[in-house]
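What follows is the content of entry07.txt, which has compact mmCIF, C-alpha atoms and all ligand atoms:
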# COMPACT_ATOMS: atom_id res chain seq x y z
CA MET A 102 206.61 94.19 -194.77
CA LEU A 103 205.95 92.46 -191.44
CA LYS A 104 208.07 89.65 -190.08
CA ASN A 105 206.59 86.18 -189.76
CA THR A 106 206.93 85.34 -186.06
CA SER A 107 205.88 81.67 -186.20
CA ARG A 108 209.48 80.38 -186.29
CA ARG A 109 210.45 82.04 -183.04
CA PRO A 110 211.31 79.77 -180.11
CA GLU A 111 208.46 79.01 -177.76
CA TRP A 112 209.60 81.46 -175.04
CA LEU A 113 209.17 84.25 -177.61
CA ARG A 114 205.56 83.73 -178.49
CA LYS A 115 203.95 86.24 -176.21
CA GLU A 116 200.19 86.40 -176.34
CA LYS A 117 198.69 89.72 -177.40
CA ILE A 118 195.99 91.24 -175.20
CA LEU A 119 193.24 93.17 -176.94
CA ASN A 120 190.88 94.62 -174.35
CA SER A 121 189.12 97.93 -173.80
CA ASP A 122 192.10 99.32 -171.82
CA VAL A 123 194.44 98.75 -174.77
CA LEU A 124 191.95 100.34 -177.15
CA ASN A 125 191.39 103.33 -174.85
CA THR A 126 195.11 104.01 -174.57
CA ARG A 127 195.45 103.82 -178.35
CA LYS A 128 192.46 106.13 -178.81
CA THR A 129 193.77 108.74 -176.35
CA ILE A 130 197.22 108.78 -177.95
CA THR A 131 195.73 109.19 -181.42
CA PHE A 132 193.27 111.86 -180.23
CA LEU A 133 196.11 113.91 -178.75
CA GLY A 134 198.17 113.55 -181.94
CA LEU A 135 201.10 111.94 -180.10
CA HIS A 136 203.61 109.40 -181.38
CA THR A 137 204.90 106.43 -179.41
CA VAL A 138 207.95 104.29 -179.96
CA CYS A 139 205.70 101.38 -178.95
CA THR A 140 203.94 101.49 -182.33
CA SER A 141 206.74 102.95 -184.46
CA ALA A 142 209.22 100.30 -183.35
CA ARG A 143 206.59 97.53 -183.31
CA CYS A 144 207.35 96.70 -179.70
CA PRO A 145 206.26 93.17 -178.70
CA ASN A 146 205.10 94.46 -175.28
CA LEU A 147 202.64 96.96 -176.71
CA SER A 148 199.41 95.34 -175.61
CA GLU A 149 200.76 94.58 -172.12
CA CYS A 150 201.93 98.17 -171.59
CA TYR A 151 198.92 99.83 -173.24
CA SER A 152 196.58 97.75 -171.06
CA ARG A 153 198.17 99.58 -168.07
CA GLY A 154 198.03 102.99 -169.78
CA VAL A 155 201.81 102.93 -170.16
CA ALA A 156 203.47 104.17 -173.35
CA THR A 157 206.81 105.65 -174.37
CA PHE A 158 206.24 108.94 -176.13
CA MET A 159 208.36 109.74 -179.14
CA ILE A 160 208.81 113.47 -179.59
CA LEU A 161 210.28 115.49 -182.47
CA GLY A 162 208.08 113.68 -184.98
CA ASP A 163 208.01 110.11 -186.24
CA ILE A 164 210.66 110.38 -188.95
CA CYS A 165 214.30 109.74 -188.06
CA THR A 166 217.30 111.23 -189.87
CA ARG A 167 219.31 108.02 -189.35
CA ASN A 168 218.63 104.51 -190.58
CA CYS A 169 219.86 101.94 -188.06
CA GLY A 170 219.72 98.34 -189.24
CA PHE A 171 217.67 97.08 -186.28
CA CYS A 172 215.04 99.80 -186.20
CA SER A 173 211.68 100.06 -187.96
CA VAL A 174 211.02 103.75 -187.24
CA ASN A 175 210.49 105.62 -190.54
CA HIS A 176 213.45 107.59 -191.82
CA GLY A 177 213.72 110.50 -194.21
CA ILE A 178 213.14 114.24 -193.97
CA PRO A 179 211.40 115.07 -190.69
CA ALA A 180 208.81 117.78 -190.03
CA TYR A 181 209.27 120.90 -187.90
CA PRO A 182 208.93 120.02 -184.16
CA ASN A 183 205.43 120.29 -182.70
CA MET A 184 205.60 122.96 -179.98
CA GLU A 185 202.54 121.58 -178.21
CA GLU A 186 203.99 118.12 -177.58
CA GLY A 187 204.75 118.73 -173.90
CA GLU A 188 201.26 120.02 -173.16
CA LYS A 189 199.70 117.09 -175.01
CA ILE A 190 201.76 114.58 -173.03
CA ALA A 191 200.75 116.41 -169.82
CA GLU A 192 197.13 116.03 -170.89
CA TYR A 193 197.68 112.30 -171.37
CA ILE A 194 199.26 111.99 -167.92
CA LYS A 195 196.36 113.81 -166.25
CA LYS A 196 193.82 111.71 -168.10
CA THR A 197 195.38 108.34 -167.30
CA GLY A 198 196.88 109.11 -163.88
CA ILE A 199 200.24 107.50 -164.65
CA ARG A 200 203.01 108.51 -162.21
CA PHE A 201 206.05 107.81 -164.36
CA CYS A 202 206.50 108.87 -167.96
CA VAL A 203 209.17 107.81 -170.46
CA ILE A 204 209.94 110.18 -173.31
CA THR A 205 212.24 109.49 -176.23
CA SER A 206 212.70 110.92 -179.71
CA VAL A 207 213.81 110.15 -183.20
CA THR A 208 217.35 111.30 -184.01
CA ARG A 209 217.32 114.82 -185.50
CA ASP A 210 220.72 115.39 -187.09
CA ASP A 211 219.03 118.14 -189.13
CA LEU A 212 218.59 120.39 -186.06
CA GLY A 213 221.57 122.38 -184.80
CA ASP A 214 221.10 121.17 -181.23
CA GLY A 215 219.86 117.69 -182.18
CA GLY A 216 216.52 118.59 -180.58
CA ALA A 217 217.90 119.21 -177.05
CA ASP A 218 215.98 122.47 -176.58
CA HIS A 219 212.78 120.73 -177.61
CA PHE A 220 213.37 118.04 -174.95
CA ILE A 221 213.84 120.83 -172.41
CA ARG A 222 210.63 122.60 -173.48
CA VAL A 223 208.67 119.34 -173.29
CA VAL A 224 209.93 118.50 -169.78
CA GLU A 225 209.26 122.03 -168.51
CA ASP A 226 205.73 122.02 -169.93
CA ILE A 227 204.97 118.65 -168.37
CA LYS A 228 206.42 119.51 -164.95
CA ARG A 229 204.50 122.79 -164.91
CA GLU A 230 201.22 121.00 -165.70
CA VAL A 231 201.82 117.88 -163.59
CA PRO A 232 204.40 118.78 -160.92
CA GLY A 233 204.55 115.34 -159.25
CA ILE A 234 205.24 113.32 -162.38
CA LYS A 235 208.49 111.36 -162.60
CA ILE A 236 210.21 111.52 -165.97
CA GLU A 237 212.69 109.27 -167.74
CA LEU A 238 214.31 110.79 -170.84
CA LEU A 239 215.76 108.38 -173.39
CA VAL A 240 217.84 110.65 -175.56
CA PRO A 241 219.71 110.33 -178.88
CA ASP A 242 223.43 111.16 -178.98
CA PHE A 243 222.96 114.85 -180.00
CA GLY A 244 225.94 114.37 -182.30
CA GLY A 245 228.18 114.24 -179.22
CA ASN A 246 227.37 117.85 -178.26
CA ARG A 247 228.36 118.11 -174.60
CA GLU A 248 226.44 121.36 -174.07
CA CYS A 249 223.20 119.54 -174.89
CA ILE A 250 223.86 116.99 -172.15
CA ASP A 251 224.78 119.73 -169.67
CA LYS A 252 221.43 121.42 -170.34
CA ILE A 253 219.44 118.18 -170.15
CA MET A 254 221.10 117.27 -166.85
CA ARG A 255 219.94 120.51 -165.29
CA LEU A 256 216.33 119.36 -165.75
CA PRO A 257 214.44 117.85 -162.80
CA ILE A 258 214.29 114.37 -164.35
CA GLU A 259 214.50 111.08 -162.48
CA VAL A 260 216.24 109.00 -165.16
CA PHE A 261 218.62 109.94 -167.95
CA ALA A 262 218.83 107.14 -170.50
CA HIS A 263 220.85 106.67 -173.65
CA ASN A 264 221.00 103.26 -175.28
CA VAL A 265 224.25 101.96 -176.69
CA GLU A 266 222.09 99.21 -178.28
CA THR A 267 224.94 96.82 -179.14
CA VAL A 268 228.64 96.05 -178.69
CA GLU A 269 231.37 98.21 -180.23
CA ARG A 270 232.36 95.70 -182.93
CA LEU A 271 228.87 95.66 -184.44
CA TYR A 272 228.37 99.43 -184.69
CA PRO A 273 229.27 99.69 -188.41
CA THR A 274 226.45 97.30 -189.36
CA VAL A 275 223.90 97.87 -186.59
CA ARG A 276 224.19 101.61 -185.87
CA LYS A 277 225.50 103.39 -188.95
CA GLY A 278 225.91 107.08 -188.17
CA ALA A 279 226.44 106.43 -184.46
CA ASP A 280 229.70 106.04 -182.57
CA TYR A 281 230.15 103.70 -179.61
CA ARG A 282 232.83 105.82 -177.92
CA ARG A 283 230.75 108.98 -178.40
CA SER A 284 227.79 107.30 -176.69
CA LEU A 285 229.97 106.18 -173.78
CA LYS A 286 231.30 109.72 -173.40
CA LEU A 287 227.76 111.06 -173.36
CA LEU A 288 226.79 108.63 -170.59
CA LYS A 289 229.90 109.54 -168.60
CA THR A 290 229.12 113.26 -168.93
CA ALA A 291 225.57 112.63 -167.71
CA SER A 292 226.80 110.51 -164.82
CA ASP A 293 229.40 113.12 -163.76
CA LYS A 294 226.71 115.81 -163.82
CA SER A 295 224.02 113.80 -162.03
CA LYS A 296 225.55 113.65 -158.54
CA ARG A 297 223.07 110.83 -157.83
CA ARG A 298 219.98 113.04 -158.29
CA THR A 299 219.29 111.56 -161.71
CA VAL A 300 219.86 107.87 -162.37
CA VAL A 301 221.84 107.03 -165.54
CA LYS A 302 220.60 104.14 -167.62
CA SER A 303 221.46 102.34 -170.87
CA GLY A 304 220.12 99.43 -172.86
CA ILE A 305 221.25 96.78 -175.32
CA MET A 306 219.71 94.17 -177.58
CA LEU A 307 221.13 90.66 -177.77
CA GLY A 308 221.08 88.39 -180.80
CA LEU A 309 222.84 90.57 -183.37
CA GLY A 310 226.08 88.56 -183.47
CA GLU A 311 227.84 89.69 -180.28
CA THR A 312 230.22 87.35 -178.44
CA ARG A 313 230.68 86.85 -174.70
CA GLU A 314 234.01 88.71 -174.92
CA ASP A 315 232.26 91.65 -176.65
CA LEU A 316 229.69 91.72 -173.86
CA GLU A 317 232.27 91.53 -171.09
CA GLN A 318 234.00 94.59 -172.58
CA LEU A 319 230.65 96.38 -172.95
CA PHE A 320 229.69 95.78 -169.28
CA LYS A 321 233.10 97.08 -168.24
CA ASP A 322 232.74 100.17 -170.46
CA LEU A 323 229.24 100.94 -169.17
CA THR A 324 230.37 100.56 -165.56
CA GLU A 325 233.23 102.99 -166.17
CA ALA A 326 230.78 105.40 -167.83
CA GLY A 327 228.72 105.44 -164.62
CA VAL A 328 225.68 103.54 -165.88
CA GLU A 329 223.50 102.42 -162.94
CA ILE A 330 220.66 100.61 -164.74
CA LEU A 331 221.21 98.33 -167.72
CA THR A 332 218.42 96.68 -169.71
CA MET A 333 219.08 93.66 -171.92
CA GLY A 334 216.50 92.12 -174.23
CA GLN A 335 216.28 89.88 -177.27
CA TYR A 336 216.56 91.61 -180.66
CA LEU A 337 213.55 90.69 -182.80
CA GLN A 338 213.69 91.55 -186.49
CA PRO A 339 210.77 94.01 -186.79
CA THR A 340 210.42 93.81 -190.60
CA MET A 341 212.05 91.83 -193.40
CA LYS A 342 214.10 94.94 -194.26
CA ASN A 343 215.84 94.92 -190.87
CA LEU A 344 218.87 92.91 -189.75
CA GLU A 345 218.30 89.21 -189.20
CA VAL A 346 218.43 87.65 -185.75
CA LYS A 347 221.74 85.79 -185.32
CA LYS A 348 220.81 84.08 -182.07
CA TYR A 349 217.81 83.62 -179.79
CA TYR A 350 219.03 83.67 -176.19
CA LYS A 351 217.26 81.38 -173.72
CA PRO A 352 215.82 82.90 -170.53
CA GLU A 353 218.55 81.19 -168.48
CA GLU A 354 221.26 82.76 -170.68
CA PHE A 355 219.79 86.18 -169.89
CA GLU A 356 220.13 85.31 -166.21
CA GLN A 357 223.77 84.32 -166.66
CA LEU A 358 224.56 87.55 -168.52
CA LYS A 359 222.75 89.55 -165.87
CA GLU A 360 225.00 87.99 -163.22
CA LEU A 361 228.05 88.81 -165.32
CA ALA A 362 226.99 92.47 -165.72
CA LEU A 363 226.31 92.76 -161.98
CA LYS A 364 229.70 91.23 -161.26
CA GLN A 365 231.35 93.78 -163.55
CA GLY A 366 229.85 96.54 -161.40
CA ILE A 367 226.53 97.69 -162.89
CA SER A 368 224.27 98.08 -159.86
CA SER A 369 220.89 97.24 -161.41
CA VAL A 370 220.31 94.94 -164.40
CA VAL A 371 216.99 94.08 -165.99
CA ALA A 372 217.37 91.19 -168.43
CA GLY A 373 215.02 88.85 -170.27
CA PRO A 374 213.78 88.02 -173.75
CA TYR A 375 211.08 90.70 -173.73
CA VAL A 376 212.94 93.40 -171.86
CA ARG A 377 213.10 96.71 -173.71
CA SER A 378 214.72 99.86 -172.43
CA SER A 379 211.38 101.32 -171.33
CA TYR A 380 209.79 98.05 -170.22
CA LEU A 381 208.62 98.34 -166.59
CA ALA A 382 210.69 101.50 -166.40
CA GLU A 383 209.09 102.79 -163.21
CA GLU A 384 209.77 99.50 -161.40
CA ALA A 385 213.40 99.47 -162.62
CA TYR A 386 213.86 103.03 -161.37
CA ILE A 387 212.44 102.24 -157.92
CA ARG A 388 214.59 99.11 -157.63
CA SER A 389 217.71 101.05 -158.56
CA LEU A 390 217.03 103.60 -155.82
CA LYS A 391 216.84 100.83 -153.23
CA LYS A 392 220.18 99.46 -154.44
CA ASN A 393 221.81 102.87 -154.15
CA VAL A 394 220.85 103.63 -150.54
S1 LIG B 1 208.21 98.20 -173.51
FE1 LIG B 1 208.39 100.41 -173.85
S2 LIG B 1 208.28 100.68 -176.09
FE2 LIG B 1 207.50 98.65 -175.58
S3 LIG B 1 205.29 98.91 -175.41
FE3 LIG B 1 206.16 99.07 -173.35
S4 LIG B 1 206.46 101.26 -173.08
FE4 LIG B 1 206.19 100.94 -175.29
Since I need it in another form, could you write the structure as structure tokens?
Ligand code: SF4
Amino acid sequence: MLKNTSRRPEWLRKEKILNSDVLNTRKTITFLGLHTVCTSARCPNLSECYSRGVATFMILGDICTRNCGFCSVNHGIPAYPNMEEGEKIAEYIKKTGIRFCVITSVTRDDLGDGGADHFIRVVEDIKREVPGIKIELLVPDFGGNRECIDKIMRLPIEVFAHNVETVERLYPTVRKGADYRRSLKLLKTASDKSKRRTVVKSGIMLGLGETREDLEQLFKDLTEAGVEILTMGQYLQPTMKNLEVKKYYKPEEFEQLKELALKQGISSVVAGPYVRSSYLAEEAYIRSLKKNV
């Protein structure tokens, strides 16, 4: 069941573009049999990103083994991983000429390694086919398995991302099955391993009931975990079955929180009502490099 968006505040009524570029992107993705989080999570930026050929690929199928309250990705029993996913994504990159590619996945608690080896295979296949491509991996928590992170961090990727999504206090309702401290540990492990070759990134949604004190603690925790890029966007209830929005933040409130996060020590913050973790990801990566020189 879709959510009625007419009661959203005026700064959250983004116009949808439907032109031949959007349709071509959609057609190519479908033709290659790929999944994107853009469609599965009903992202409000879909038409804007698709019109530029940009998409976030979701590997390991389109069925998640968890059931987070904010997320509209299907959950249940997933299929066996598609071994051709990396080659298909490489084909998409060659066809569209994009220079930066974001890859994420559903959570696969059913697989012994949480899908880490599949991520590795996908990256290796893409880099072999398109050596110059820059890759951002947005990974699940792999059940806290440190070995998985060690292996992922040996890959030639530009950005390692793992979203904490919300503040610690709201985990029991927003991210059942996840653990805030486990996610922080994972980010810290990645940051310790990266030695500045790979940028570490995380993202949160606002509007789920967090307080300013919760956020101050979160910014502090992420800074200590070595996070260099933080994205903050407005949570929008994707379907009637998902958690309700507790607050719509005004654009100026995003600015204030951005300042606060910067002050707490995170070097690059992208914040705004429509910001999603993969929104303008290439630009965020380039900006973060400039801040780190
Ligand atoms: S912001 Fe990310 S998830 Fe949303 S449409 Fe753009 S690339 Fe896809």
Surrounding residues of Tyr349 in chain A excluding itself and chain neighbours under 4 positions, 9 Å, all atoms listed in the file, as a CSV table (one decimal) with C-alpha atoms, in the coordinates of the input:
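Here's the written file result.csv:
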chain,number,residue,atom,x,y,z
A,109,ARG,CA,210.4,82.0,-183.0
A,110,PRO,CA,211.3,79.8,-180.1
A,113,LEU,CA,209.2,84.2,-177.6
A,307,LEU,CA,221.1,90.7,-177.8
A,308,GLY,CA,221.1,88.4,-180.8
A,335,GLN,CA,216.3,89.9,-177.3
A,336,TYR,CA,216.6,91.6,-180.7
A,337,LEU,CA,213.6,90.7,-182.8
A,374,PRO,CA,213.8,88.0,-173.8
For this session: For ligand LIG 1 (chain B), collect every residue having any atom at a distance of at most 10 Å from a ligand atom (counting all atoms listed in the file); output as a PyMOL selection string.
Result: chain A and resi 137-159+202-205+375-382
Problem set entry | Two-atom distance - CA of Tyr272 in chain A, CA of Met306 in chain A (Å) |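 These atoms are spaced 12.4 Å apart.
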For this session: Go through A:Leu285, A:Val224, A:Leu344, A:Leu363 and flag the residue nearest Gly327 in chain A, using only C-alpha atoms for the distances.
Result: A:Leu285
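Distance check against Pro241 in chain A using all atoms listed in the file: of A:His263, A:Arg167, A:Arg313, A:Lys196, the minimum falls on A:His263.
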Exercise. Contacts of Ala191 in chain A at 12 Å or less, counting only C-alpha atoms, minus same-chain residues fewer than 3 places along, as an MDAnalysis selection string?
Worked result: chainID A and resid 130 133 135 158 185:188 194:202 204 223:236
Output range 325-359 of chain A with N, CA and C atoms present, as a CSV table (one decimal), in the coordinates of the input.
chain,number,residue,atom,x,y,z
A,325,GLU,N,232.3,101.8,-166.2
A,325,GLU,CA,233.2,103.0,-166.2
A,325,GLU,C,232.5,104.3,-166.6
A,326,ALA,N,231.5,104.2,-167.4
A,326,ALA,CA,230.8,105.4,-167.8
A,326,ALA,C,229.8,105.8,-166.8
A,327,GLY,N,229.6,105.1,-165.7
A,327,GLY,CA,228.7,105.4,-164.6
A,327,GLY,C,227.3,105.0,-164.8
A,328,VAL,N,227.0,104.0,-165.7
A,328,VAL,CA,225.7,103.5,-165.9
A,328,VAL,C,225.2,102.7,-164.6
A,329,GLU,N,224.0,103.1,-164.2
A,329,GLU,CA,223.5,102.4,-162.9
A,329,GLU,C,222.4,101.4,-163.3
A,330,ILE,N,221.7,101.6,-164.3
A,330,ILE,CA,220.7,100.6,-164.7
A,330,ILE,C,221.0,100.2,-166.2
A,331,LEU,N,221.0,98.9,-166.4
A,331,LEU,CA,221.2,98.3,-167.7
A,331,LEU,C,220.0,97.4,-168.1
A,332,THR,N,219.5,97.6,-169.3
A,332,THR,CA,218.4,96.7,-169.7
A,332,THR,C,219.0,95.9,-170.9
A,333,MET,N,218.6,94.6,-170.9
A,333,MET,CA,219.1,93.7,-171.9
A,333,MET,C,217.9,92.8,-172.4
A,334,GLY,N,217.6,92.9,-173.7
A,334,GLY,CA,216.5,92.1,-174.2
A,334,GLY,C,216.9,91.5,-175.5
A,335,GLN,N,216.0,90.6,-176.0
A,335,GLN,CA,216.3,89.9,-177.3
A,335,GLN,C,216.0,90.8,-178.5
A,336,TYR,N,216.9,90.9,-179.4
A,336,TYR,CA,216.6,91.6,-180.7
A,336,TYR,C,215.6,90.7,-181.5
A,337,LEU,N,214.5,91.4,-181.9
A,337,LEU,CA,213.6,90.7,-182.8
A,337,LEU,C,213.4,91.5,-184.1
A,338,GLN,N,213.7,90.9,-185.2
A,338,GLN,CA,213.7,91.6,-186.5
A,338,GLN,C,212.3,92.1,-186.7
A,339,PRO,N,212.1,93.5,-186.7
A,339,PRO,CA,210.8,94.0,-186.8
A,339,PRO,C,210.1,93.9,-188.2
A,340,THR,N,211.0,94.0,-189.2
A,340,THR,CA,210.4,93.8,-190.6
A,340,THR,C,211.5,93.1,-191.4
A,341,MET,N,211.1,92.6,-192.6
A,341,MET,CA,212.0,91.8,-193.4
A,341,MET,C,213.2,92.7,-193.9
A,342,LYS,N,213.0,94.0,-193.8
A,342,LYS,CA,214.1,94.9,-194.3
A,342,LYS,C,215.2,95.1,-193.2
A,343,ASN,N,214.9,94.7,-192.0
A,343,ASN,CA,215.8,94.9,-190.9
A,343,ASN,C,216.8,93.7,-190.8
A,344,LEU,N,217.8,93.9,-189.9
A,344,LEU,CA,218.9,92.9,-189.8
A,344,LEU,C,218.3,91.6,-189.2
A,345,GLU,N,218.8,90.5,-189.7
A,345,GLU,CA,218.3,89.2,-189.2
A,345,GLU,C,218.8,88.9,-187.8
A,346,VAL,N,218.0,88.1,-187.1
A,346,VAL,CA,218.4,87.6,-185.8
A,346,VAL,C,219.5,86.6,-185.9
A,347,LYS,N,220.6,86.8,-185.2
A,347,LYS,CA,221.7,85.8,-185.3
A,347,LYS,C,221.6,84.7,-184.3
A,348,LYS,N,221.0,85.1,-183.1
A,348,LYS,CA,220.8,84.1,-182.1
A,348,LYS,C,219.6,84.4,-181.2
A,349,TYR,N,218.9,83.4,-180.8
A,349,TYR,CA,217.8,83.6,-179.8
A,349,TYR,C,218.4,83.1,-178.5
A,350,TYR,N,218.5,84.0,-177.5
A,350,TYR,CA,219.0,83.7,-176.2
A,350,TYR,C,217.9,83.1,-175.3
A,351,LYS,N,218.2,82.0,-174.6
A,351,LYS,CA,217.3,81.4,-173.7
A,351,LYS,C,217.1,82.2,-172.5
A,352,PRO,N,216.0,82.1,-171.8
A,352,PRO,CA,215.8,82.9,-170.5
A,352,PRO,C,217.0,82.7,-169.5
A,353,GLU,N,217.5,81.4,-169.4
A,353,GLU,CA,218.6,81.2,-168.5
A,353,GLU,C,219.9,81.9,-168.9
A,354,GLU,N,220.0,82.1,-170.2
A,354,GLU,CA,221.3,82.8,-170.7
A,354,GLU,C,221.2,84.2,-170.3
A,355,PHE,N,220.0,84.8,-170.3
A,355,PHE,CA,219.8,86.2,-169.9
A,355,PHE,C,220.2,86.3,-168.4
A,356,GLU,N,219.8,85.3,-167.6
A,356,GLU,CA,220.1,85.3,-166.2
A,356,GLU,C,221.6,85.3,-166.0
A,357,GLN,N,222.3,84.4,-166.8
A,357,GLN,CA,223.8,84.3,-166.7
A,357,GLN,C,224.5,85.6,-167.0
A,358,LEU,N,224.0,86.3,-168.1
A,358,LEU,CA,224.6,87.6,-168.5
A,358,LEU,C,224.3,88.7,-167.5
A,359,LYS,N,223.1,88.6,-166.9
A,359,LYS,CA,222.8,89.6,-165.9
A,359,LYS,C,223.8,89.4,-164.7
